[in-house]
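Before any comments, here is the structure.
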Amino acid sequence: MATINHVRQDVAIANARSVILWETITATDVGEALALPIGGAQVGVQMIGTFGGAVVLQGTVDGVNWVTLNDIAGTAVSLTAAGYFEISTSVVAVRPSAAAGVSDVDVYLTVV
């Protein structure tokens, strides 16, 4: 298991926000924690790549204990193929986490 650092990446689309990228997440990796604005945030997440297992988005309120977050429909965020989802959350930080079998997944995140 490795911790994958996130980087800020500019998107070449007019009026686009910068996005956060965790690149090349593989089996049992977790992403470096990304602090969210105090008071809550709306988050859009896109995952692409070769899965072979699930990648979840986790959140924490204490910086120690991580739980899988739910999308705006109340469904746990757990993708086994490329996809997009949105969440509204008051956690203090988020990170992606990969299950065994994940080969190479990139996770893109925007925060409003």
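Within each chain, counting starts at residue 1; across the structure tokens, chains are named A, B, ... in the order shown, with ligands numbered 1 upward in that order.
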- Per-residue DSSP, chain A, filtered to strand (DSSP E), as number ranges by chain: A: 3-4, 6-9, 19-25, 30-31, 34-35, 41-50, 55-60, 67-68, 78-79, 83-89, 93-98, 104-111
- Query: Quick one: residues within 10 Å of Thr80 (chain A), only C-alpha atoms counted, chain neighbours fewer than 6 positions away excluded, as a list in words?
  - Reply: Met47, Ile48, Gly49, Thr50, Phe51, Gly52, Gly53, Ala54, Val55, Val56, Ala98, Ala99 and Val102 of chain A
Produce a file of the selected residues containing C-alpha atoms, as a short mmCIF file (atom, residue, chain, number, x, y, z; two decimals), in the first residue's frame.
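The new file again11.cif reads:
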data_model
loop_
_atom_site.label_atom_id
_atom_site.label_comp_id
_atom_site.auth_asym_id
_atom_site.auth_seq_id
_atom_site.Cartn_x
_atom_site.Cartn_y
_atom_site.Cartn_z
CA MET A 47 -12.47 8.18 -12.02
CA ILE A 48 -10.93 6.63 -15.13
CA GLY A 49 -8.53 3.80 -15.82
CA THR A 50 -8.17 0.06 -15.36
CA PHE A 51 -10.11 -1.02 -12.29
CA GLY A 52 -10.18 -4.77 -11.57
CA GLY A 53 -11.58 -3.84 -8.14
CA ALA A 54 -13.39 -0.97 -6.44
CA VAL A 55 -12.14 2.53 -5.75
CA VAL A 56 -14.02 4.42 -3.03
CA ALA A 98 -8.35 1.34 -3.82
CA ALA A 99 -9.24 -2.29 -3.17
CA VAL A 102 -7.07 -2.21 -8.96
#
- Considering only C-alpha atoms, return as JSON, numbers by chain whatever protein or nucleic-acid residues lie within 8 Å of Tyr84 (chain A), sequence-local ones (same chain, fewer than 4 positions apart) excluded. {"A": [44, 45, 46, 47]}
- Task: Name the residues in contact with Thr60 (chain A) at a cut-off of 12 Å, using only C-alpha atoms, excluding same-chain residues fewer than 5 positions from it; report them as a PyMOL selection string.
- Result: chain A and resi 33-36+65-69+89-96
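Residues surrounding Val43 (chain A) within 6 Å are Glu86, Ile87, Thr110 and Val111 of chain A [only C-alpha atoms; sequence separation below 2 positions excluded].
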Go ahead and save the residues from that selection, with N, CA, C and O atoms, as a PDB file, in the first residue's frame.
ATOM      1  N   GLU A  86     -21.209  13.138  -7.697  1.00  0.00           N
ATOM      2  CA  GLU A  86     -21.125  14.356  -6.909  1.00  0.00           C
ATOM      3  C   GLU A  86     -21.518  14.056  -5.475  1.00  0.00           C
ATOM      4  O   GLU A  86     -22.369  13.208  -5.226  1.00  0.00           O
ATOM      5  N   ILE A  87     -20.880  14.775  -4.551  1.00  0.00           N
ATOM      6  CA  ILE A  87     -21.252  14.663  -3.147  1.00  0.00           C
ATOM      7  C   ILE A  87     -21.341  16.069  -2.559  1.00  0.00           C
ATOM      8  O   ILE A  87     -20.719  17.006  -3.060  1.00  0.00           O
ATOM      9  N   THR A 110     -13.035  18.108  -8.205  1.00  0.00           N
ATOM     10  CA  THR A 110     -13.231  19.548  -8.130  1.00  0.00           C
ATOM     11  C   THR A 110     -13.998  19.865  -6.853  1.00  0.00           C
ATOM     12  O   THR A 110     -14.807  19.058  -6.392  1.00  0.00           O
ATOM     13  N   VAL A 111     -13.734  21.025  -6.281  1.00  0.00           N
ATOM     14  CA  VAL A 111     -14.391  21.428  -5.042  1.00  0.00           C
ATOM     15  C   VAL A 111     -15.006  22.810  -5.245  1.00  0.00           C
ATOM     16  O   VAL A 111     -14.358  23.722  -5.759  1.00  0.00           O
TER      17      VAL A 111
END
- Separation of CA of Arg17 (chain A) and CA of Ser97 (chain A), in Å? 23.8 Å
Any idea what's packed within 9 Å of Ile25 (chain A), counting only C-alpha atoms, ignoring anything in its chain fewer than 3 positions away? Could you give it as a PDB file with N, CA, C and O atoms, in the first residue's frame?
ATOM      1  N   ALA A   2       0.565   2.134  -0.892  1.00  0.00           N
ATOM      2  CA  ALA A   2       1.290   3.399  -0.969  1.00  0.00           C
ATOM      3  C   ALA A   2       0.310   4.548  -0.810  1.00  0.00           C
ATOM      4  O   ALA A   2      -0.881   4.402  -1.087  1.00  0.00           O
ATOM      5  N   THR A   3       0.817   5.681  -0.354  1.00  0.00           N
ATOM      6  CA  THR A   3       0.012   6.901  -0.328  1.00  0.00           C
ATOM      7  C   THR A   3       0.356   7.701  -1.573  1.00  0.00           C
ATOM      8  O   THR A   3       1.514   8.043  -1.794  1.00  0.00           O
ATOM      9  N   ILE A   4      -0.662   7.970  -2.395  1.00  0.00           N
ATOM     10  CA  ILE A   4      -0.475   8.679  -3.660  1.00  0.00           C
ATOM     11  C   ILE A   4      -0.728  10.169  -3.438  1.00  0.00           C
ATOM     12  O   ILE A   4      -1.824  10.564  -3.027  1.00  0.00           O
ATOM     13  N   TRP A  22      -5.231  12.587  -8.313  1.00  0.00           N
ATOM     14  CA  TRP A  22      -4.444  11.493  -7.754  1.00  0.00           C
ATOM     15  C   TRP A  22      -4.203  10.567  -8.935  1.00  0.00           C
ATOM     16  O   TRP A  22      -5.140   9.958  -9.448  1.00  0.00           O
ATOM     17  N   THR A  28      -4.733  -1.427  -3.248  1.00  0.00           N
ATOM     18  CA  THR A  28      -4.612  -1.074  -1.829  1.00  0.00           C
ATOM     19  C   THR A  28      -3.957   0.281  -1.559  1.00  0.00           C
ATOM     20  O   THR A  28      -3.660   0.593  -0.413  1.00  0.00           O
ATOM     21  N   ASP A  29      -3.761   1.115  -2.594  1.00  0.00           N
ATOM     22  CA  ASP A  29      -3.250   2.469  -2.376  1.00  0.00           C
ATOM     23  C   ASP A  29      -4.339   3.348  -1.771  1.00  0.00           C
ATOM     24  O   ASP A  29      -5.534   3.106  -1.958  1.00  0.00           O
ATOM     25  N   VAL A  30      -3.923   4.379  -1.075  1.00  0.00           N
ATOM     26  CA  VAL A  30      -4.821   5.445  -0.640  1.00  0.00           C
ATOM     27  C   VAL A  30      -4.253   6.755  -1.148  1.00  0.00           C
ATOM     28  O   VAL A  30      -3.044   6.882  -1.373  1.00  0.00           O
ATOM     29  N   GLY A  31      -5.125   7.727  -1.338  1.00  0.00           N
ATOM     30  CA  GLY A  31      -4.677   9.038  -1.760  1.00  0.00           C
ATOM     31  C   GLY A  31      -4.294   9.890  -0.561  1.00  0.00           C
ATOM     32  O   GLY A  31      -4.825   9.714   0.538  1.00  0.00           O
ATOM     33  N   VAL A  55     -12.778   1.349  -6.320  1.00  0.00           N
ATOM     34  CA  VAL A  55     -12.136   2.529  -5.746  1.00  0.00           C
ATOM     35  C   VAL A  55     -13.238   3.326  -5.057  1.00  0.00           C
ATOM     36  O   VAL A  55     -14.276   3.593  -5.655  1.00  0.00           O
ATOM     37  N   PRO A  96      -9.175   9.161  -2.067  1.00  0.00           N
ATOM     38  CA  PRO A  96      -9.594   7.905  -2.691  1.00  0.00           C
ATOM     39  C   PRO A  96      -8.873   6.738  -2.020  1.00  0.00           C
ATOM     40  O   PRO A  96      -7.785   6.902  -1.452  1.00  0.00           O
ATOM     41  N   SER A  97      -9.487   5.559  -2.098  1.00  0.00           N
ATOM     42  CA  SER A  97      -8.880   4.352  -1.544  1.00  0.00           C
ATOM     43  C   SER A  97      -9.205   3.192  -2.473  1.00  0.00           C
ATOM     44  O   SER A  97     -10.360   2.995  -2.850  1.00  0.00           O
ATOM     45  N   ALA A  98      -8.183   2.417  -2.855  1.00  0.00           N
ATOM     46  CA  ALA A  98      -8.346   1.337  -3.820  1.00  0.00           C
ATOM     47  C   ALA A  98      -8.337  -0.025  -3.147  1.00  0.00           C
ATOM     48  O   ALA A  98      -7.565  -0.279  -2.221  1.00  0.00           O
ATOM     49  N   VAL A 102      -7.069  -3.435  -8.171  1.00  0.00           N
ATOM     50  CA  VAL A 102      -7.072  -2.207  -8.963  1.00  0.00           C
ATOM     51  C   VAL A 102      -5.717  -2.073  -9.659  1.00  0.00           C
ATOM     52  O   VAL A 102      -4.672  -2.193  -9.031  1.00  0.00           O
ATOM     53  N   SER A 103      -5.751  -1.833 -10.979  1.00  0.00           N
ATOM     54  CA  SER A 103      -4.517  -1.797 -11.761  1.00  0.00           C
ATOM     55  C   SER A 103      -3.932  -0.403 -11.932  1.00  0.00           C
ATOM     56  O   SER A 103      -2.752  -0.185 -11.719  1.00  0.00           O
ATOM     57  N   ASP A 104      -4.758   0.567 -12.362  1.00  0.00           N
ATOM     58  CA  ASP A 104      -4.257   1.905 -12.665  1.00  0.00           C
ATOM     59  C   ASP A 104      -5.442   2.840 -12.832  1.00  0.00           C
ATOM     60  O   ASP A 104      -6.026   2.919 -13.904  1.00  0.00           O
ATOM     61  N   VAL A 105      -5.802   3.544 -11.772  1.00  0.00           N
ATOM     62  CA  VAL A 105      -6.950   4.445 -11.812  1.00  0.00           C
ATOM     63  C   VAL A 105      -6.488   5.860 -11.484  1.00  0.00           C
ATOM     64  O   VAL A 105      -5.701   6.066 -10.563  1.00  0.00           O
ATOM     65  N   ASP A 106      -6.976   6.826 -12.265  1.00  0.00           N
ATOM     66  CA  ASP A 106      -6.741   8.239 -11.993  1.00  0.00           C
ATOM     67  C   ASP A 106      -8.033   8.823 -11.432  1.00  0.00           C
ATOM     68  O   ASP A 106      -9.119   8.578 -11.953  1.00  0.00           O
ATOM     69  N   VAL A 107      -7.908   9.610 -10.359  1.00  0.00           N
ATOM     70  CA  VAL A 107      -9.064  10.212  -9.709  1.00  0.00           C
ATOM     71  C   VAL A 107      -8.928  11.722  -9.816  1.00  0.00           C
ATOM     72  O   VAL A 107      -7.938  12.309  -9.356  1.00  0.00           O
TER      73      VAL A 107
END
